[in-house]
>>> print(open('run38.txt').read())   # compact mmCIF, N, CA and C atoms
# COMPACT_ATOMS: atom_id res chain seq x y z
N VAL A 823 94.89 93.74 55.11
CA VAL A 823 93.88 94.76 54.93
C VAL A 823 93.00 94.43 53.73
N ILE A 824 93.62 94.01 52.64
CA ILE A 824 92.86 93.75 51.41
C ILE A 824 91.86 92.62 51.62
N SER A 825 92.28 91.56 52.26
CA SER A 825 91.36 90.43 52.44
C SER A 825 90.17 90.79 53.32
N LYS A 826 90.35 91.75 54.22
CA LYS A 826 89.24 92.16 55.09
C LYS A 826 88.22 93.01 54.33
N LEU A 827 88.59 93.54 53.18
CA LEU A 827 87.67 94.33 52.35
C LEU A 827 86.64 93.47 51.62
N LYS A 828 86.90 92.19 51.55
CA LYS A 828 86.05 91.28 50.78
C LYS A 828 84.68 91.08 51.43
N TYR A 829 83.65 91.13 50.59
CA TYR A 829 82.30 90.85 51.06
C TYR A 829 82.20 89.40 51.50
N ASP A 830 81.52 89.16 52.58
CA ASP A 830 81.27 87.82 53.07
C ASP A 830 80.18 87.17 52.22
N GLU A 831 80.19 85.85 52.16
CA GLU A 831 79.17 85.12 51.40
C GLU A 831 77.76 85.41 51.93
N SER A 832 77.65 85.76 53.20
CA SER A 832 76.33 86.00 53.79
C SER A 832 75.83 87.43 53.56
N TYR A 833 76.64 88.27 52.94
CA TYR A 833 76.24 89.66 52.71
C TYR A 833 75.01 89.69 51.81
N ASN A 834 74.00 90.42 52.23
CA ASN A 834 72.74 90.51 51.49
C ASN A 834 72.71 91.81 50.70
N PHE A 835 72.95 91.73 49.39
CA PHE A 835 72.99 92.91 48.54
C PHE A 835 71.59 93.46 48.25
N THR A 836 70.59 92.61 48.26
CA THR A 836 69.24 93.05 47.89
C THR A 836 68.45 93.62 49.06
N ASN A 837 68.74 93.18 50.25
CA ASN A 837 68.00 93.65 51.42
C ASN A 837 68.99 93.94 52.55
N GLN A 838 69.65 95.08 52.45
CA GLN A 838 70.70 95.41 53.40
C GLN A 838 70.13 95.79 54.75
N GLY A 839 70.64 95.13 55.77
CA GLY A 839 70.22 95.40 57.14
C GLY A 839 71.34 96.04 57.93
N GLU A 840 71.25 95.91 59.23
CA GLU A 840 72.23 96.54 60.12
C GLU A 840 73.62 95.94 59.94
N ASP A 841 73.70 94.63 59.79
CA ASP A 841 75.01 93.98 59.60
C ASP A 841 75.70 94.48 58.34
N GLU A 842 74.95 94.63 57.28
CA GLU A 842 75.51 95.10 56.02
C GLU A 842 75.97 96.56 56.14
N ALA A 843 75.18 97.38 56.84
CA ALA A 843 75.56 98.78 57.05
C ALA A 843 76.84 98.88 57.88
N LEU A 844 76.96 98.03 58.87
CA LEU A 844 78.17 98.02 59.69
C LEU A 844 79.39 97.59 58.87
N PHE A 845 79.20 96.63 57.97
CA PHE A 845 80.30 96.20 57.14
C PHE A 845 80.73 97.31 56.18
N ILE A 846 79.79 98.03 55.62
CA ILE A 846 80.12 99.14 54.72
C ILE A 846 80.93 100.20 55.47
N GLU A 847 80.54 100.49 56.68
CA GLU A 847 81.28 101.45 57.50
C GLU A 847 82.69 100.91 57.80
N TYR A 848 82.78 99.65 58.15
CA TYR A 848 84.07 99.00 58.42
C TYR A 848 84.95 99.05 57.17
N ARG A 849 84.34 98.79 56.03
CA ARG A 849 85.08 98.80 54.77
C ARG A 849 85.63 100.19 54.45
N SER A 850 84.88 101.21 54.77
CA SER A 850 85.38 102.57 54.51
C SER A 850 86.56 102.90 55.43
N ARG A 851 86.55 102.38 56.65
CA ARG A 851 87.70 102.58 57.55
C ARG A 851 88.92 101.79 57.05
N LEU A 852 88.68 100.62 56.50
CA LEU A 852 89.79 99.84 55.94
C LEU A 852 90.39 100.53 54.72
N LYS A 853 89.57 101.24 53.96
CA LYS A 853 90.08 101.98 52.80
C LYS A 853 91.06 103.05 53.25
N VAL A 854 90.77 103.72 54.35
CA VAL A 854 91.68 104.73 54.89
C VAL A 854 93.02 104.08 55.23
N LEU A 855 92.97 102.92 55.86
CA LEU A 855 94.18 102.19 56.18
C LEU A 855 94.94 101.78 54.91
N PHE A 856 94.20 101.29 53.93
CA PHE A 856 94.79 100.93 52.63
C PHE A 856 95.47 102.14 52.00
N ASP A 857 94.80 103.28 52.01
CA ASP A 857 95.36 104.51 51.44
C ASP A 857 96.66 104.91 52.15
N ASN A 858 96.69 104.78 53.47
CA ASN A 858 97.89 105.11 54.22
C ASN A 858 99.05 104.19 53.87
N ILE A 859 98.75 102.91 53.71
CA ILE A 859 99.78 101.95 53.31
C ILE A 859 100.29 102.28 51.91
N ALA A 860 99.39 102.65 51.02
CA ALA A 860 99.78 103.01 49.65
C ALA A 860 100.70 104.22 49.65
N GLN A 861 100.48 105.15 50.54
CA GLN A 861 101.35 106.32 50.62
C GLN A 861 102.71 105.95 51.20
N LEU A 862 102.73 105.04 52.16
CA LEU A 862 103.99 104.65 52.79
C LEU A 862 104.86 103.78 51.90
N ASP A 863 104.23 102.86 51.17
CA ASP A 863 104.99 101.95 50.33
C ASP A 863 104.25 101.72 49.00
N PRO A 864 104.36 102.69 48.09
CA PRO A 864 103.64 102.58 46.82
C PRO A 864 104.03 101.36 46.00
N SER A 865 105.29 101.01 45.98
CA SER A 865 105.70 99.87 45.15
C SER A 865 105.14 98.56 45.67
N LEU A 866 105.08 98.40 46.98
CA LEU A 866 104.47 97.20 47.56
C LEU A 866 102.98 97.15 47.22
N THR A 867 102.32 98.28 47.35
CA THR A 867 100.89 98.34 47.06
C THR A 867 100.61 97.97 45.61
N ILE A 868 101.37 98.53 44.70
CA ILE A 868 101.20 98.22 43.28
C ILE A 868 101.43 96.74 43.03
N SER A 869 102.48 96.20 43.60
CA SER A 869 102.82 94.80 43.41
C SER A 869 101.71 93.88 43.93
N VAL A 870 101.20 94.16 45.10
CA VAL A 870 100.14 93.33 45.69
C VAL A 870 98.87 93.41 44.87
N VAL A 871 98.48 94.61 44.47
CA VAL A 871 97.26 94.77 43.68
C VAL A 871 97.42 94.12 42.32
N GLN A 872 98.57 94.28 41.70
CA GLN A 872 98.80 93.68 40.39
C GLN A 872 98.75 92.15 40.47
N THR A 873 99.34 91.58 41.52
CA THR A 873 99.31 90.14 41.71
C THR A 873 97.89 89.65 41.95
N LEU A 874 97.16 90.34 42.81
CA LEU A 874 95.77 89.97 43.10
C LEU A 874 94.92 90.02 41.84
N LEU A 875 95.03 91.11 41.11
CA LEU A 875 94.24 91.28 39.89
C LEU A 875 94.60 90.21 38.85
N SER A 876 95.87 89.98 38.65
CA SER A 876 96.32 88.99 37.66
C SER A 876 95.83 87.59 38.01
N SER A 877 96.00 87.19 39.26
CA SER A 877 95.59 85.84 39.64
C SER A 877 94.07 85.68 39.61
N THR A 878 93.35 86.71 39.99
CA THR A 878 91.89 86.64 39.97
C THR A 878 91.36 86.55 38.54
N LEU A 879 91.86 87.39 37.67
CA LEU A 879 91.36 87.41 36.29
C LEU A 879 91.86 86.22 35.48
N ALA A 880 92.99 85.64 35.86
CA ALA A 880 93.49 84.47 35.16
C ALA A 880 92.59 83.25 35.39
N ASN A 881 91.90 83.25 36.51
CA ASN A 881 91.03 82.13 36.86
C ASN A 881 89.58 82.61 36.94
N LEU A 882 89.22 83.50 36.06
CA LEU A 882 87.94 84.19 36.11
C LEU A 882 86.73 83.28 36.18
N GLU A 883 86.71 82.23 35.39
CA GLU A 883 85.52 81.36 35.34
C GLU A 883 85.30 80.61 36.65
N ASN A 884 86.34 80.47 37.47
CA ASN A 884 86.21 79.76 38.74
C ASN A 884 86.16 80.68 39.95
N GLU A 885 86.23 81.98 39.73
CA GLU A 885 86.23 82.94 40.83
C GLU A 885 84.82 83.37 41.20
N SER A 886 84.64 83.64 42.48
CA SER A 886 83.35 84.13 42.96
C SER A 886 83.22 85.63 42.66
N PHE A 887 82.00 86.10 42.67
CA PHE A 887 81.74 87.52 42.50
C PHE A 887 82.51 88.33 43.54
N MET A 888 82.57 87.83 44.78
CA MET A 888 83.23 88.55 45.86
C MET A 888 84.72 88.73 45.60
N ASN A 889 85.38 87.70 45.08
CA ASN A 889 86.81 87.79 44.79
C ASN A 889 87.08 88.76 43.64
N ILE A 890 86.24 88.72 42.63
CA ILE A 890 86.41 89.62 41.49
C ILE A 890 86.16 91.06 41.91
N GLU A 891 85.12 91.27 42.69
CA GLU A 891 84.82 92.62 43.16
C GLU A 891 85.97 93.17 43.99
N LEU A 892 86.55 92.35 44.83
CA LEU A 892 87.67 92.78 45.67
C LEU A 892 88.86 93.21 44.82
N ALA A 893 89.23 92.41 43.84
CA ALA A 893 90.36 92.75 42.97
C ALA A 893 90.11 94.05 42.22
N LEU A 894 88.92 94.21 41.69
CA LEU A 894 88.59 95.44 40.96
C LEU A 894 88.50 96.64 41.89
N GLN A 895 88.01 96.43 43.09
CA GLN A 895 87.88 97.52 44.05
C GLN A 895 89.24 98.08 44.47
N VAL A 896 90.19 97.22 44.78
CA VAL A 896 91.51 97.74 45.19
C VAL A 896 92.24 98.37 44.00
N PHE A 897 92.00 97.87 42.80
CA PHE A 897 92.54 98.53 41.61
C PHE A 897 91.95 99.93 41.49
N TYR A 898 90.66 100.05 41.73
CA TYR A 898 90.00 101.35 41.70
C TYR A 898 90.59 102.28 42.76
N TYR A 899 90.80 101.76 43.96
CA TYR A 899 91.37 102.58 45.04
C TYR A 899 92.69 103.22 44.64
N ILE A 900 93.59 102.44 44.10
CA ILE A 900 94.89 103.02 43.75
C ILE A 900 94.80 103.93 42.53
N GLY A 901 93.93 103.57 41.59
CA GLY A 901 93.77 104.42 40.41
C GLY A 901 93.08 105.73 40.71
N ASP A 902 92.13 105.69 41.61
CA ASP A 902 91.36 106.88 41.96
C ASP A 902 92.18 107.89 42.76
N ASN A 903 92.93 107.42 43.70
CA ASN A 903 93.61 108.33 44.63
C ASN A 903 95.06 108.63 44.29
N TYR A 904 95.73 107.71 43.64
CA TYR A 904 97.17 107.86 43.49
C TYR A 904 97.66 107.67 42.07
N PHE A 905 96.79 107.88 41.12
CA PHE A 905 97.13 107.55 39.73
C PHE A 905 98.45 108.18 39.29
N GLU A 906 98.54 109.48 39.28
CA GLU A 906 99.74 110.15 38.78
C GLU A 906 100.96 109.82 39.63
N LYS A 907 100.78 109.80 40.92
CA LYS A 907 101.90 109.54 41.83
C LYS A 907 102.45 108.13 41.65
N LEU A 908 101.58 107.16 41.51
CA LEU A 908 102.02 105.78 41.44
C LEU A 908 102.33 105.30 40.03
N PHE A 909 101.67 105.85 39.03
CA PHE A 909 101.75 105.26 37.70
C PHE A 909 102.32 106.16 36.62
N GLY A 910 102.36 107.45 36.83
CA GLY A 910 102.83 108.33 35.78
C GLY A 910 101.80 108.42 34.67
N SER A 911 102.24 108.39 33.46
CA SER A 911 101.37 108.53 32.30
C SER A 911 100.62 107.23 31.99
N ALA A 912 99.31 107.35 31.79
CA ALA A 912 98.48 106.17 31.49
C ALA A 912 98.77 105.63 30.10
N GLY A 913 99.28 106.45 29.22
CA GLY A 913 99.53 106.02 27.86
C GLY A 913 100.81 105.21 27.69
N ASN A 914 101.60 105.11 28.73
CA ASN A 914 102.85 104.37 28.65
C ASN A 914 102.60 102.89 28.93
N PRO A 915 102.78 102.03 27.95
CA PRO A 915 102.48 100.59 28.14
C PRO A 915 103.40 99.90 29.14
N GLU A 916 104.43 100.57 29.58
CA GLU A 916 105.35 99.98 30.56
C GLU A 916 104.86 100.18 32.00
N THR A 917 103.88 101.02 32.22
CA THR A 917 103.42 101.28 33.59
C THR A 917 102.54 100.14 34.08
N PRO A 918 102.57 99.87 35.38
CA PRO A 918 101.69 98.84 35.94
C PRO A 918 100.22 99.14 35.69
N PHE A 919 99.83 100.43 35.73
CA PHE A 919 98.43 100.77 35.49
C PHE A 919 97.99 100.33 34.11
N TYR A 920 98.78 100.63 33.12
CA TYR A 920 98.47 100.26 31.74
C TYR A 920 98.34 98.74 31.62
N GLN A 921 99.27 98.02 32.22
CA GLN A 921 99.24 96.56 32.16
C GLN A 921 98.01 95.99 32.85
N MET A 922 97.67 96.55 34.03
CA MET A 922 96.48 96.06 34.74
C MET A 922 95.20 96.41 33.99
N MET A 923 95.14 97.60 33.43
CA MET A 923 93.95 98.00 32.68
C MET A 923 93.79 97.13 31.44
N SER A 924 94.87 96.82 30.76
CA SER A 924 94.81 95.91 29.60
C SER A 924 94.32 94.53 30.02
N LEU A 925 94.79 94.07 31.16
CA LEU A 925 94.37 92.78 31.68
C LEU A 925 92.86 92.76 31.94
N ILE A 926 92.35 93.82 32.54
CA ILE A 926 90.91 93.91 32.83
C ILE A 926 90.10 93.92 31.53
N ILE A 927 90.51 94.73 30.60
CA ILE A 927 89.78 94.85 29.34
C ILE A 927 89.77 93.54 28.57
N ASN A 928 90.89 92.85 28.55
CA ASN A 928 91.00 91.60 27.79
C ASN A 928 90.44 90.39 28.53
N SER A 929 90.07 90.53 29.77
CA SER A 929 89.62 89.39 30.58
C SER A 929 88.16 89.00 30.38
N GLN A 930 87.37 89.87 29.83
CA GLN A 930 85.93 89.66 29.70
C GLN A 930 85.25 89.57 31.06
N VAL A 931 85.78 90.29 32.03
CA VAL A 931 85.21 90.29 33.38
C VAL A 931 83.77 90.81 33.36
N SER A 932 83.43 91.64 32.41
CA SER A 932 82.07 92.18 32.34
C SER A 932 81.04 91.10 32.03
N LEU A 933 81.48 89.96 31.53
CA LEU A 933 80.56 88.86 31.21
C LEU A 933 80.35 87.92 32.39
N HIS A 934 81.09 88.13 33.47
CA HIS A 934 81.00 87.24 34.63
C HIS A 934 79.65 87.45 35.32
N THR A 935 79.06 86.35 35.80
CA THR A 935 77.80 86.47 36.53
C THR A 935 78.03 87.19 37.84
N HIS A 936 77.00 87.89 38.29
CA HIS A 936 77.09 88.62 39.54
C HIS A 936 75.82 88.40 40.34
N MET A 937 75.75 89.06 41.45
CA MET A 937 74.65 88.83 42.40
C MET A 937 73.31 89.06 41.78
>>> encode(input="run38.txt", output="structure tokens")
Amino acid sequence: VISKLKYDESYNFTNQGEDEALFIEYRSRLKVLFDNIAQLDPSLTISVVQTLLSSTLANLENESFMNIELALQVFYYIGDNYFEKLFGSAGNPETPFYQMMSLIINSQVSLHTHM
């Protein structure tokens, strides 16, 4: 499911047409599926997202915008919808959320070139 959320290299961000609109709609349906999986197996979801985020940010200078966006997007999905249920307190440095957020902040991802 996660890999299908990734923007294709041919996606036109500046002049979105019918193909881009269809992909956005498809992506929103995939999010529903992702959310359902997160509810069924929260620990698997956290593990997969944490692994994706860690590997993407560890190789930041060689990653494409699409890969970085995907990792940050699925992190947003779990943080937005299931924060308390999946992570507990954000101030606890032992939680996966805290660890992933620290990784994002320390990665300098904001300096990466984008579209």
>>> residues_around(input="run38.txt", residues="region 888-905 of chain A", least_positions_apart="6", cutoff="6.5 Å", atoms="all atoms listed in the file", output="list in words")
Leu827, Lys828, Tyr829, Val871, Leu874, Leu875 and Thr878 of chain A
>>> closest_residue(input="run38.txt", among="A:Phe835, A:Leu879, A:Leu862, A:Ser825", to="Gln930 (chain A)", atoms="all atoms listed in the file")
A:Leu879
>>> atom_distance(input="run38.txt", atom1="atom C of Thr867 (chain A)", atom2="atom C of Ala880 (chain A)")
19.6 Å
>>> axis_aligned_box(input="run38.txt", around="region 860-871 of chain A", padding_each_side="4 Å", output="JSON")
{"center_x": 101.5, "center_y": 99.8, "center_z": 47.6, "size_x": 16.4, "size_y": 21.0, "size_z": 18.5}
>>> atom_distance(input="run38.txt", atom1="CA of Met922 (chain A)", atom2="CA of Gln872 (chain A)")
6.6 Å
>>> atom_distance(input="run38.txt", atom1="atom C of Val870 (chain A)", atom2="CA of Asn858 (chain A)")
15.0 Å
